[in-house]
file model28.cif (mmCIF, C-alpha atoms, pLDDT in the B column; chains and numbers go by the auth columns)
data_run
#
loop_
_atom_site.group_PDB
_atom_site.id
_atom_site.type_symbol
_atom_site.label_atom_id
_atom_site.label_comp_id
_atom_site.label_asym_id
_atom_site.label_seq_id
_atom_site.Cartn_x
_atom_site.Cartn_y
_atom_site.Cartn_z
_atom_site.B_iso_or_equiv
_atom_site.auth_seq_id
_atom_site.auth_asym_id
ATOM 1 C CA MET A 1 88.826 79.685 -11.069 42.00 1 W
ATOM 2 C CA GLY A 2 92.291 78.097 -10.949 51.00 2 W
ATOM 3 C CA ALA A 3 94.425 77.370 -7.940 52.00 3 W
ATOM 4 C CA VAL A 4 96.655 80.138 -6.696 53.00 4 W
ATOM 5 C CA ILE A 5 100.334 79.460 -7.250 54.00 5 W
ATOM 6 C CA THR A 6 102.158 79.560 -3.933 58.00 6 W
ATOM 7 C CA PRO A 7 105.883 80.191 -3.803 64.00 7 W
ATOM 8 C CA GLN A 8 107.938 77.469 -2.191 68.00 8 W
ATOM 9 C CA LEU A 9 108.011 77.844 1.543 86.00 9 W
ATOM 10 C CA VAL A 10 111.446 77.719 3.112 94.00 10 W
ATOM 11 C CA ASP A 11 112.187 77.892 6.807 95.00 11 W
ATOM 12 C CA VAL A 12 115.450 77.785 8.702 97.00 12 W
ATOM 13 C CA VAL A 13 115.891 76.514 12.246 98.00 13 W
ATOM 14 C CA ASP A 14 118.908 77.698 14.210 98.00 14 W
ATOM 15 C CA THR A 15 119.463 74.912 16.724 97.00 15 W
ATOM 16 C CA ILE A 16 121.697 77.039 18.985 97.00 16 W
ATOM 17 C CA SER A 17 119.384 80.062 19.402 97.00 17 W
ATOM 18 C CA ALA A 18 116.221 77.878 19.056 98.00 18 W
ATOM 19 C CA VAL A 19 114.661 80.226 16.504 97.00 19 W
ATOM 20 C CA ARG A 20 112.679 79.200 13.439 96.00 20 W
ATOM 21 C CA SER A 21 112.697 81.768 10.606 96.00 21 W
ATOM 22 C CA TYR A 22 110.137 81.599 7.803 92.00 22 W
ATOM 23 C CA SER A 23 110.356 82.755 4.177 91.00 23 W
ATOM 24 C CA SER A 24 107.634 85.311 5.021 89.00 24 W
ATOM 25 C CA GLY A 25 110.173 87.143 7.177 92.00 25 W
ATOM 26 C CA THR A 26 108.639 86.147 10.512 91.00 26 W
ATOM 27 C CA SER A 27 110.361 84.078 13.159 94.00 27 W
ATOM 28 C CA ARG A 28 109.398 82.172 16.286 93.00 28 W
ATOM 29 C CA HIS A 29 111.258 81.247 19.415 96.00 29 W
ATOM 30 C CA LEU A 30 111.015 77.517 19.996 97.00 30 W
ATOM 31 C CA THR A 31 110.144 75.990 23.364 97.00 31 W
ATOM 32 C CA THR A 32 111.710 72.715 22.187 97.00 32 W
ATOM 33 C CA CYS A 33 114.561 72.407 19.703 97.00 33 W
ATOM 34 C CA ARG A 34 116.457 69.148 20.008 97.00 34 W
ATOM 35 C CA VAL A 35 118.549 67.183 17.548 97.00 35 W
ATOM 36 C CA GLU A 36 117.663 63.479 17.661 96.00 36 W
ATOM 37 C CA ASP A 37 119.156 60.429 15.934 95.00 37 W
ATOM 38 C CA TRP A 38 116.217 60.495 13.499 96.00 38 W
ATOM 39 C CA GLY A 39 116.139 64.279 12.903 97.00 39 W
ATOM 40 C CA LEU A 40 115.009 67.446 14.680 97.00 40 W
ATOM 41 C CA ARG A 41 112.247 67.845 17.289 97.00 41 W
ATOM 42 C CA LEU A 42 110.591 71.284 17.504 97.00 42 W
ATOM 43 C CA GLU A 43 107.739 72.885 19.385 96.00 43 W
ATOM 44 C CA CYS A 44 106.618 76.501 19.405 94.00 44 W
ATOM 45 C CA PRO A 45 103.630 78.431 20.725 92.00 45 W
ATOM 46 C CA THR A 46 101.034 79.639 18.212 90.00 46 W
ATOM 47 C CA PRO A 47 99.476 82.723 19.865 87.00 47 W
ATOM 48 C CA GLU A 48 97.974 83.947 16.567 87.00 48 W
ATOM 49 C CA ASP A 49 95.960 80.741 16.116 86.00 49 W
ATOM 50 C CA PRO A 50 92.602 80.869 17.935 86.00 50 W
ATOM 51 C CA PHE A 51 92.284 77.070 18.016 86.00 51 W
ATOM 52 C CA SER A 52 95.802 75.785 18.608 88.00 52 W
ATOM 53 C CA ASP A 53 98.082 76.429 21.549 90.00 53 W
ATOM 54 C CA SER A 54 101.282 75.153 19.966 92.00 54 W
ATOM 55 C CA GLU A 55 102.739 73.363 16.959 94.00 55 W
ATOM 56 C CA VAL A 56 104.815 70.209 17.336 96.00 56 W
ATOM 57 C CA THR A 57 107.091 69.454 14.382 97.00 57 W
ATOM 58 C CA TRP A 58 109.537 66.669 13.675 97.00 58 W
ATOM 59 C CA LEU A 59 111.928 66.973 10.734 98.00 59 W
ATOM 60 C CA MET A 60 112.976 63.571 9.405 98.00 60 W
ATOM 61 C CA PRO A 61 115.553 64.277 6.676 97.00 61 W
ATOM 62 C CA GLU A 62 116.296 60.630 5.860 96.00 62 W
ATOM 63 C CA LEU A 63 112.612 60.146 4.998 97.00 63 W
ATOM 64 C CA GLY A 64 112.180 63.544 3.313 98.00 64 W
ATOM 65 C CA LEU A 65 109.321 64.334 5.698 98.00 65 W
ATOM 66 C CA ARG A 66 108.105 66.920 8.181 98.00 66 W
ATOM 67 C CA LEU A 67 105.542 65.663 10.703 98.00 67 W
ATOM 68 C CA THR A 68 103.318 68.365 12.226 96.00 68 W
ATOM 69 C CA HIS A 69 100.585 68.403 14.846 94.00 69 W
ATOM 70 C CA HIS A 70 98.725 71.373 16.339 92.00 70 W
ATOM 71 C CA ARG A 71 97.863 71.048 20.022 90.00 71 W
ATOM 72 C CA PRO A 72 94.376 72.435 20.676 88.00 72 W
ATOM 73 C CA ARG A 73 93.941 75.345 23.113 85.00 73 W
ATOM 74 C CA SER A 74 91.171 73.561 24.994 79.00 74 W
ATOM 75 C CA ARG A 75 91.822 70.114 26.376 77.00 75 W
ATOM 76 C CA HIS A 76 88.193 69.349 25.516 74.00 76 W
ATOM 77 C CA ALA A 77 88.658 70.247 21.839 74.00 77 W
ATOM 78 C CA ARG A 78 89.024 67.525 19.267 75.00 78 W
ATOM 79 C CA SER A 79 92.533 67.313 17.898 76.00 79 W
ATOM 80 C CA GLY A 80 93.066 67.745 14.159 83.00 80 W
ATOM 81 C CA PRO A 81 95.046 65.312 12.026 92.00 81 W
ATOM 82 C CA SER A 82 98.804 65.066 12.030 95.00 82 W
ATOM 83 C CA VAL A 83 100.285 66.051 8.682 97.00 83 W
ATOM 84 C CA LEU A 84 103.255 64.432 6.955 97.00 84 W
ATOM 85 C CA SER A 85 104.652 66.871 4.374 98.00 85 W
ATOM 86 C CA ALA A 86 107.220 66.109 1.690 98.00 86 W
ATOM 87 C CA VAL A 87 110.245 68.354 2.279 98.00 87 W
ATOM 88 C CA ARG A 88 113.856 68.766 1.340 97.00 88 W
ATOM 89 C CA VAL A 89 116.057 69.244 4.432 97.00 89 W
ATOM 90 C CA ARG A 90 119.622 70.540 4.352 96.00 90 W
ATOM 91 C CA ARG A 91 121.829 70.794 7.435 95.00 91 W
ATOM 92 C CA ASP A 92 124.608 73.322 7.631 92.00 92 W
ATOM 93 C CA GLY A 93 126.162 73.119 11.073 90.00 93 W
ATOM 94 C CA ARG A 94 123.621 74.621 13.438 95.00 94 W
ATOM 95 C CA ALA A 95 121.095 75.556 10.718 97.00 95 W
ATOM 96 C CA TRP A 96 118.450 73.202 9.334 98.00 96 W
ATOM 97 C CA ARG A 97 116.926 74.555 6.092 97.00 97 W
ATOM 98 C CA THR A 98 113.601 73.013 5.061 97.00 98 W
ATOM 99 C CA THR A 99 111.985 73.487 1.650 96.00 99 W
ATOM 100 C CA ASP A 100 108.313 72.516 1.499 96.00 100 W
ATOM 101 C CA LEU A 101 107.521 70.440 -1.610 97.00 101 W
ATOM 102 C CA LEU A 102 103.818 71.357 -1.350 96.00 102 W
ATOM 103 C CA LEU A 103 102.348 67.846 -1.057 97.00 103 W
ATOM 104 C CA GLY A 104 101.496 65.815 2.015 97.00 104 W
ATOM 105 C CA LEU A 105 99.320 63.377 3.925 97.00 105 W
ATOM 106 C CA ALA A 106 96.763 64.110 6.616 96.00 106 W
ATOM 107 C CA VAL A 107 96.721 61.248 9.109 95.00 107 W
ATOM 108 C CA PRO A 108 93.736 61.714 11.430 89.00 108 W
ATOM 109 C CA GLY A 109 94.296 58.566 13.473 79.00 109 W
ATOM 110 C CA GLY A 110 91.659 55.870 13.584 74.00 110 W
ATOM 111 C CA THR A 111 90.752 56.455 9.954 85.00 111 W
ATOM 112 C CA THR A 112 92.351 56.460 6.515 92.00 112 W
ATOM 113 C CA ALA A 113 95.194 58.844 5.693 93.00 113 W
ATOM 114 C CA ARG A 114 94.584 61.080 2.689 95.00 114 W
ATOM 115 C CA ILE A 115 96.731 63.113 0.322 96.00 115 W
ATOM 116 C CA VAL A 116 96.473 66.871 0.944 97.00 116 W
ATOM 117 C CA ARG A 117 97.472 70.051 -0.902 96.00 117 W
ATOM 118 C CA SER A 118 97.284 68.337 -4.300 95.00 118 W
ATOM 119 C CA GLU A 119 95.741 71.399 -6.009 95.00 119 W
ATOM 120 C CA GLU A 120 98.460 73.662 -4.636 93.00 120 W
ATOM 121 C CA PHE A 121 101.071 71.115 -5.724 95.00 121 W
ATOM 122 C CA ALA A 122 99.629 70.871 -9.247 95.00 122 W
ATOM 123 C CA ALA A 123 99.514 74.673 -9.595 93.00 123 W
ATOM 124 C CA ALA A 124 103.131 74.937 -8.390 94.00 124 W
ATOM 125 C CA VAL A 125 104.254 72.333 -10.940 95.00 125 W
ATOM 126 C CA ALA A 126 102.282 73.989 -13.763 94.00 126 W
ATOM 127 C CA GLY A 127 103.639 77.415 -12.778 93.00 127 W
ATOM 128 C CA ARG A 128 107.194 76.050 -12.550 92.00 128 W
ATOM 129 C CA VAL A 129 107.491 77.018 -8.893 91.00 129 W
ATOM 130 C CA LEU A 130 108.397 73.356 -8.361 94.00 130 W
ATOM 131 C CA GLY A 131 110.879 71.871 -10.796 94.00 131 W
ATOM 132 C CA PRO A 132 110.576 68.326 -12.175 96.00 132 W
ATOM 133 C CA ASP A 133 113.063 66.874 -9.661 96.00 133 W
ATOM 134 C CA ASP A 134 111.260 68.374 -6.651 96.00 134 W
ATOM 135 C CA ALA A 135 107.863 67.342 -8.032 97.00 135 W
ATOM 136 C CA ASP A 136 109.078 63.777 -8.583 98.00 136 W
ATOM 137 C CA GLN A 137 110.583 63.666 -5.086 98.00 137 W
ATOM 138 C CA ALA A 138 107.325 64.924 -3.536 98.00 138 W
ATOM 139 C CA LEU A 139 105.192 62.356 -5.390 98.00 139 W
ATOM 140 C CA ARG A 140 107.510 59.461 -4.575 98.00 140 W
ATOM 141 C CA THR A 141 107.815 60.471 -0.911 98.00 141 W
ATOM 142 C CA VAL A 142 104.082 60.943 -0.342 98.00 142 W
ATOM 143 C CA HIS A 143 103.037 57.764 -2.156 97.00 143 W
ATOM 144 C CA ARG A 144 105.726 55.648 -0.440 98.00 144 W
ATOM 145 C CA THR A 145 104.673 57.055 2.936 97.00 145 W
ATOM 146 C CA LEU A 146 100.959 56.520 2.228 97.00 146 W
ATOM 147 C CA GLU A 147 101.657 52.896 1.360 96.00 147 W
ATOM 148 C CA GLU A 148 103.737 52.381 4.520 96.00 148 W
ATOM 149 C CA VAL A 149 101.234 54.131 6.808 95.00 149 W
ATOM 150 C CA SER A 150 98.425 52.072 5.224 94.00 150 W
ATOM 151 C CA LEU A 151 100.306 48.850 5.948 94.00 151 W
ATOM 152 C CA HIS A 152 100.393 49.960 9.607 94.00 152 W
ATOM 153 C CA ARG A 153 96.619 50.575 9.729 92.00 153 W
ATOM 154 C CA HIS A 154 97.081 54.364 9.505 92.00 154 W
ATOM 155 C CA ASP A 155 98.607 54.387 12.997 92.00 155 W
ATOM 156 C CA LEU A 156 101.451 56.921 13.048 94.00 156 W
ATOM 157 C CA GLN A 157 102.983 55.571 16.247 94.00 157 W
ATOM 158 C CA VAL A 158 103.204 52.052 14.810 95.00 158 W
ATOM 159 C CA TRP A 159 104.608 53.418 11.524 96.00 159 W
ATOM 160 C CA LEU A 160 107.217 55.518 13.376 96.00 160 W
ATOM 161 C CA THR A 161 108.270 52.470 15.409 96.00 161 W
ATOM 162 C CA HIS A 162 108.602 50.481 12.163 95.00 162 W
ATOM 163 C CA ARG A 163 110.909 53.276 10.911 96.00 163 W
ATOM 164 C CA GLY A 164 113.064 52.989 14.066 95.00 164 W
ATOM 165 C CA ILE A 165 111.671 56.082 15.802 95.00 165 W
ATOM 166 C CA TYR A 166 110.570 54.999 19.268 94.00 166 W
ATOM 167 C CA ASP A 167 109.580 58.400 20.649 94.00 167 W
ATOM 168 C CA THR A 168 105.884 59.046 21.364 92.00 168 W
ATOM 169 C CA TRP A 169 104.005 61.083 18.760 91.00 169 W
ATOM 170 C CA PRO A 170 102.876 63.706 19.430 83.00 170 W
ATOM 171 C CA SER A 171 105.233 64.113 22.342 60.00 171 W
ATOM 172 C CA LEU A 172 103.452 65.004 25.565 50.00 172 W
#
call {"tool": "encode", "arguments": {"input": "model28.cif", "output": "structure tokens"}}
result
Amino acid sequence: MGAVITPQLVDVVDTISAVRSYSSGTSRHLTTCRVEDWGLRLECPTPEDPFSDSEVTWLMPELGLRLTHHRPRSRHARSGPSVLSAVRVRRDGRAWRTTDLLLGLAVPGGTTARIVRSEEFAAAVAGRVLGPDDADQALRTVHRTLEEVSLHRHDLQVWLTHRGIYDTWPSL
């Protein structure tokens, strides 16, 4: 059985109203929506998720990356990996439009980062959901980031500092 071809996921963040709208038609009110020198810092509750209380997201357009972490509902629960996803980000005044390029890295912390969503990416390329330019950008971004994160012993905070982002990840 082959991989299911997923359409490209696009979301738009309105920085004035602090609302994130998804290509599925749903939207979420953000508890944090702040433009930073390095990009955009977001946080929103995830009431539909039985395991996570909220999602923390940083958009880093210069790097072509979205960094995401789900905060667990229970403080005793083990936290899942942070995920660096290849994205295309376009700013238009107050709106930040993000197109997911369907390839990323899971960075669990304390262990090796690994490439994720490769089957979905391959199916999207084969099905022409992702064009050659987007596919090339995703591959270059993810492999460059994997190499950089590896050089920093798979420690996201050290890698972010190397990239000139001195904020704590995930923000408390």
call {"tool": "closest_residue", "arguments": {"input": "model28.cif", "among": "W:His76, W:Arg163, W:Arg117, W:His29", "to": "W:Met60", "atoms": "only C-alpha atoms"}}
result
W:Arg163
call {"tool": "closest_residue", "arguments": {"input": "model28.cif", "among": "W:Ser52, W:Thr57, W:Thr112, W:Ser27", "to": "W:Gly39", "atoms": "all atoms listed in the file"}}
result
W:Thr57
call {"tool": "resolve_selection", "arguments": {"input": "model28.cif", "expression": "the PyMOL selection byres ((chain W and resi 82) around 7)", "output": "ChimeraX atom specification"}}
result
/W:67-69,80-81,83-84,106-108
call {"tool": "atom_distance", "arguments": {"input": "model28.cif", "atom1": "atom CA of W:Ser79", "atom2": "atom CA of W:His162"}}
result
24.0 Å
call {"tool": "resolve_selection", "arguments": {"input": "model28.cif", "expression": "the PyMOL selection byres ((chain W and resi 146-157) around 8)", "output": "number ranges by chain"}}
result
W: 105, 107, 109-114, 142-145, 158-161, 168-169
call {"tool": "resolve_selection", "arguments": {"input": "model28.cif", "expression": "the PyMOL selection byres ((chain W and resi 56) around 10)", "output": "list of chain:residue names"}}
result
W:Leu30, W:Thr31, W:Thr32, W:Arg41, W:Leu42, W:Glu43, W:Cys44, W:Pro45, W:Ser54, W:Glu55, W:Thr57, W:Trp58, W:Leu67, W:Thr68, W:His69, W:His70, W:Arg71, W:Ser82, W:Trp169, W:Pro170, W:Ser171, W:Leu172
call {"tool": "write_last_selection", "arguments": {"input": "model28.cif", "atoms": "C-alpha atoms", "output": "PDB file, in the coordinates of the input"}}
result
ATOM      1  CA  LEU W  30     111.015  77.517  19.996  1.00 97.00           C
ATOM      2  CA  THR W  31     110.144  75.990  23.364  1.00 97.00           C
ATOM      3  CA  THR W  32     111.710  72.715  22.187  1.00 97.00           C
ATOM      4  CA  ARG W  41     112.247  67.845  17.289  1.00 97.00           C
ATOM      5  CA  LEU W  42     110.591  71.284  17.504  1.00 97.00           C
ATOM      6  CA  GLU W  43     107.739  72.885  19.385  1.00 96.00           C
ATOM      7  CA  CYS W  44     106.618  76.501  19.405  1.00 94.00           C
ATOM      8  CA  PRO W  45     103.630  78.431  20.725  1.00 92.00           C
ATOM      9  CA  SER W  54     101.282  75.153  19.966  1.00 92.00           C
ATOM     10  CA  GLU W  55     102.739  73.363  16.959  1.00 94.00           C
ATOM     11  CA  THR W  57     107.091  69.454  14.382  1.00 97.00           C
ATOM     12  CA  TRP W  58     109.537  66.669  13.675  1.00 97.00           C
ATOM     13  CA  LEU W  67     105.542  65.663  10.703  1.00 98.00           C
ATOM     14  CA  THR W  68     103.318  68.365  12.226  1.00 96.00           C
ATOM     15  CA  HIS W  69     100.585  68.403  14.846  1.00 94.00           C
ATOM     16  CA  HIS W  70      98.725  71.373  16.339  1.00 92.00           C
ATOM     17  CA  ARG W  71      97.863  71.048  20.022  1.00 90.00           C
ATOM     18  CA  SER W  82      98.804  65.066  12.030  1.00 95.00           C
ATOM     19  CA  TRP W 169     104.005  61.083  18.760  1.00 91.00           C
ATOM     20  CA  PRO W 170     102.876  63.706  19.430  1.00 83.00           C
ATOM     21  CA  SER W 171     105.233  64.113  22.342  1.00 60.00           C
ATOM     22  CA  LEU W 172     103.452  65.004  25.565  1.00 50.00           C
TER      23      LEU W 172
END
call {"tool": "atom_distance", "arguments": {"input": "model28.cif", "atom1": "atom CA of W:Ala124", "atom2": "atom CA of W:Val87"}}
result
14.4 Å
call {"tool": "axis_aligned_box", "arguments": {"input": "model28.cif", "around": "stretch 50-65 of chain W", "padding_each_side": "3 Å", "output": "JSON"}}
result
{"center_x": 104.3, "center_y": 70.5, "center_z": 12.4, "size_x": 30.0, "size_y": 26.7, "size_z": 24.2}
call {"tool": "atom_distance", "arguments": {"input": "model28.cif", "atom1": "atom CA of W:Thr46", "atom2": "atom CA of W:Tyr22"}}
result
14.0 Å
call {"tool": "residues_around", "arguments": {"input": "model28.cif", "residues": "W:Asp100", "least_positions_apart": "6", "cutoff": "7 Å", "atoms": "all atoms listed in the file", "output": "list in words"}}
result
Gln8, Leu9, Val10, Ala86, Val87 and Arg88 of chain W
call {"tool": "residues_near_point", "arguments": {"input": "model28.cif", "point": "(115.3, 74.2, 5.6)", "cutoff": "7 Å", "atoms": "only C-alpha atoms", "output": "PyMOL selection string"}}
result
chain W and resi 10-12+89-90+96-99
call {"tool": "closest_residue", "arguments": {"input": "model28.cif", "among": "W:Gly25, W:Gly93, W:Gly64, W:Pro47", "to": "W:Leu139", "atoms": "all atoms listed in the file"}}
result
W:Gly64
call {"tool": "closest_residue", "arguments": {"input": "model28.cif", "among": "W:Ile165, W:Val116, W:Ser17, W:Leu102", "to": "W:Gly131", "atoms": "all atoms listed in the file"}}
result
W:Leu102
call {"tool": "closest_residue", "arguments": {"input": "model28.cif", "among": "W:Pro61, W:Ser74, W:Gly127, W:Phe121", "to": "W:Asp37", "atoms": "only C-alpha atoms"}}
result
W:Pro61
